[in-house]
Amino acid sequence: MNTELLEALTILEKEKNISKDTMMDAIENSLISACKNHFGTSDNIKVIMDRETCDYAVYAEKEVVEEVMDSAIEISLEDAEKLDSSLHLGDIAQIPVESKSFGRIATQNAKNLILQKIREEERKVVFDQYFEKEKDIVTGIVQRYVGKNISINLGRADAMLTENEQVKGEHFNPTDRIKLYIVEVKNTPKGPKILVSRTHPELVKRLFEAEVAEVKDGTVEIKSIAREAGSRTKMAVWSNDPNVDPVGACVGLNGARVNAVVNELRGEKIDIINWDENPALLIENALSPAKVISVMADPDEKSASVIVPDYQLSLAIGKEGQNARLAARLTGYKIDIKSETQAIESGELPADYMEQMAMMDEDGYVGEYEEEYKESEGEEAPEIEFVEE
């Protein structure tokens with residue numbers, strides 16, 4: 001048993017996750033390559049290696065002839081009989097090859113071939129490991145700043161967090177542990193190139209999957225996410241179980257679950273809303289925390305007209321238009337927001353709408369004019385509804 005070689009291959013398998021069979025194949029190829037460098041050909045070289053004991057033998061197959069024209073592939077009958085008396089002219093003799101007889105160059109080439117195979121397999125193992133994590137999150141350790149980029153150690157590989165994938169205002173110190181979203185893993189001659197991000201919307205989704213068991217097992221679905229990294233994220237959720245509140249599940253007791261995600265995102269605000277198949281209701285939810293009077297949604301044009309109370313207009317639009325912008329991304333609709341006054345001026349609401357609303361009681365009736373409205377509008381008093389065109 002070749003104990004030293006077996007131990008070396010066992011250590012390689014444990015430390016670098018390179019299988020013994022792969023390395024034994026590399027050793028066989030290196031021996032064949034050494035024979036080619038030493039003898040000038042390897043066509044007649046056979047390597048036999050025991051996969052259990054790592055014992056190996058190298059043979060050169062030579063034809064038995066009367067007169068040797070090429071010593072690399074032929075052997076005289078006299079020499080053949082010395083090895084095996086049963087050999088005759090035309091037979092193939094297996095001549096043992098001693099690796100000790102190889103020259104320095106042949107030995108060096110064989111060594112380089114094995115080392116090259118080890119490097120290739122190591123890169124392949126690392127690539128496969130991180131390729132499986134593509135579109136998922138990993139924990140990395142900040143190493144150093146390289147210009148405006150950040151070098152991150154992911155364990156068996158390094159990644160570069162580029163300036164474009166960093167959240168503005170975030171600053172990290174060496175040895176800080178941070179969560180990263182793996183956007184793509186590329187295989188290159190120098191090893192895997194891992195593209196990571198802190199700004200990708202899917203980072204928020206994966207963080208909730210890690211924190212919320214209902215999201216991980218599929219009970220609660222994250223239908224859509226709109227994010228402005230470092231500032232605010234809007235997320236629409238849906239429950240496949242009528243007994244499970246999707247928003248409550250994501251928020252957690254006393255906000256524990258959502259706060260864990262917010263802390264990882266360094267204080268980024270997160271709005272969690274209920275998803276609805278009705279685009280009008282979805283748009284109303286998406287504009288939260290602003291209150292909405294009516295939504296006219298056109299699914300064909302993917303556009304919607306929204307009317308909000310005058311005092312809610314700035315809240316619905318948000319700072320620098322952020323709330324409306326995120327709502328539009330979340331729903332996929334182009335949203336036009338108007339105040340009550342603007343809607344009355346444009347004819348979208350009746351001219352006396354403000355007066356009617358001022359007199360409306362808790363039941364939706366207009367005080368002393370209740371009977372008049374009942375007669376003109378039927379049994380039910382007029383109410384503001386969400387209409388889908």
# chains A, B, ... in the order shown; residues from 1 in each chain; ligands from 1
>>> residues_around(residues="A:Val167", least_positions_apart="4", cutoff="10 Å", atoms="only C-alpha atoms", output="ChimeraX atom specification")
/A:163,171,197-200,228-231,265-266
>>> write_last_selection(atoms="N, CA, C and O atoms", output="short mmCIF file (atom, residue, chain, number, x, y, z; two decimals), in the first residue's frame")
data_model
loop_
_atom_site.label_atom_id
_atom_site.label_comp_id
_atom_site.auth_asym_id
_atom_site.auth_seq_id
_atom_site.Cartn_x
_atom_site.Cartn_y
_atom_site.Cartn_z
N GLU A 163 -19.26 50.00 -6.33
CA GLU A 163 -19.92 51.24 -5.88
C GLU A 163 -21.38 51.26 -6.28
O GLU A 163 -22.24 51.72 -5.52
N HIS A 171 -21.59 52.69 5.46
CA HIS A 171 -20.13 52.60 5.59
C HIS A 171 -19.80 51.41 6.47
O HIS A 171 -20.42 51.20 7.51
N SER A 197 -24.58 42.21 -4.28
CA SER A 197 -25.30 43.49 -4.21
C SER A 197 -25.91 43.70 -2.83
O SER A 197 -26.30 42.75 -2.15
N ARG A 198 -25.99 44.98 -2.44
CA ARG A 198 -26.73 45.38 -1.24
C ARG A 198 -27.98 46.17 -1.62
O ARG A 198 -28.77 46.53 -0.75
N THR A 199 -28.14 46.47 -2.91
CA THR A 199 -29.25 47.32 -3.35
C THR A 199 -30.37 46.53 -4.03
O THR A 199 -31.44 47.06 -4.27
N HIS A 200 -30.15 45.28 -4.35
CA HIS A 200 -31.12 44.49 -5.11
C HIS A 200 -32.40 44.26 -4.30
O HIS A 200 -32.33 43.93 -3.11
N GLU A 228 -36.17 51.48 -3.03
CA GLU A 228 -35.16 52.51 -3.23
C GLU A 228 -34.17 52.32 -2.09
O GLU A 228 -34.43 52.73 -0.95
N ALA A 229 -33.08 51.64 -2.42
CA ALA A 229 -32.14 51.15 -1.40
C ALA A 229 -31.67 52.25 -0.48
O ALA A 229 -31.30 53.35 -0.92
N GLY A 230 -31.70 51.97 0.81
CA GLY A 230 -31.24 52.91 1.81
C GLY A 230 -32.32 53.85 2.30
O GLY A 230 -32.13 54.55 3.31
N SER A 231 -33.45 53.90 1.60
CA SER A 231 -34.51 54.84 1.97
C SER A 231 -35.79 54.10 2.35
O SER A 231 -36.20 54.09 3.50
N LEU A 265 -30.69 46.11 7.18
CA LEU A 265 -30.63 47.09 6.10
C LEU A 265 -30.27 48.48 6.61
O LEU A 265 -30.45 49.47 5.90
N ARG A 266 -29.77 48.53 7.83
CA ARG A 266 -29.27 49.78 8.44
C ARG A 266 -30.34 50.88 8.51
O ARG A 266 -30.11 52.03 8.13
#
>>> residues_around(residues="stretch 314-331 of chain A", least_positions_apart="5", cutoff="8 Å", atoms="only C-alpha atoms", output="ChimeraX atom specification")
/A:224-228,233-236,279,282-283,286-291,308,337
>>> residues_around(residues="stretch 48-50 of chain A", least_positions_apart="5", cutoff="8 Å", atoms="only C-alpha atoms", output="PyMOL selection string")
chain A and resi 24+28+55-58
>>> residues_around(residues="A:Val126", least_positions_apart="6", cutoff="8 Å", atoms="only C-alpha atoms", output="ChimeraX atom specification")
/A:156-157,192
>>> write_last_selection(atoms="C-alpha atoms", output="PDB file, in the first residue's frame")
ATOM      1  CA  ARG A 156     -13.787  30.057   0.161  1.00  0.00           C
ATOM      2  CA  ALA A 157     -13.889  32.954  -2.276  1.00  0.00           C
ATOM      3  CA  PRO A 192     -15.167  32.224  -9.970  1.00  0.00           C
TER       4      PRO A 192
END
>>> atom_distance(atom1="atom CA of A:Glu340", atom2="atom CA of A:Glu284")
15.5 Å
>>> residues_around(residues="A:Asp336", least_positions_apart="6", cutoff="9 Å", atoms="only C-alpha atoms", output="PyMOL selection string")
chain A and resi 303-307+324
>>> write_last_selection(atoms="C-alpha atoms", output="CSV table (one decimal), in the first residue's frame")
chain,number,residue,atom,x,y,z
A,303,SER,CA,-52.8,53.3,-15.8
A,304,ALA,CA,-54.8,54.5,-12.9
A,305,SER,CA,-56.4,57.8,-11.7
A,306,VAL,CA,-56.4,58.3,-8.0
A,307,ILE,CA,-58.2,60.9,-5.9
A,324,ALA,CA,-46.1,57.4,-5.6
>>> closest_residue(among="A:Glu63, A:Asp300, A:Glu264, A:Glu134", to="A:Ile178", atoms="only C-alpha atoms")
A:Glu264
>>> atom_distance(atom1="atom CA of A:Ser33", atom2="atom CA of A:Asn109")
7.6 Å
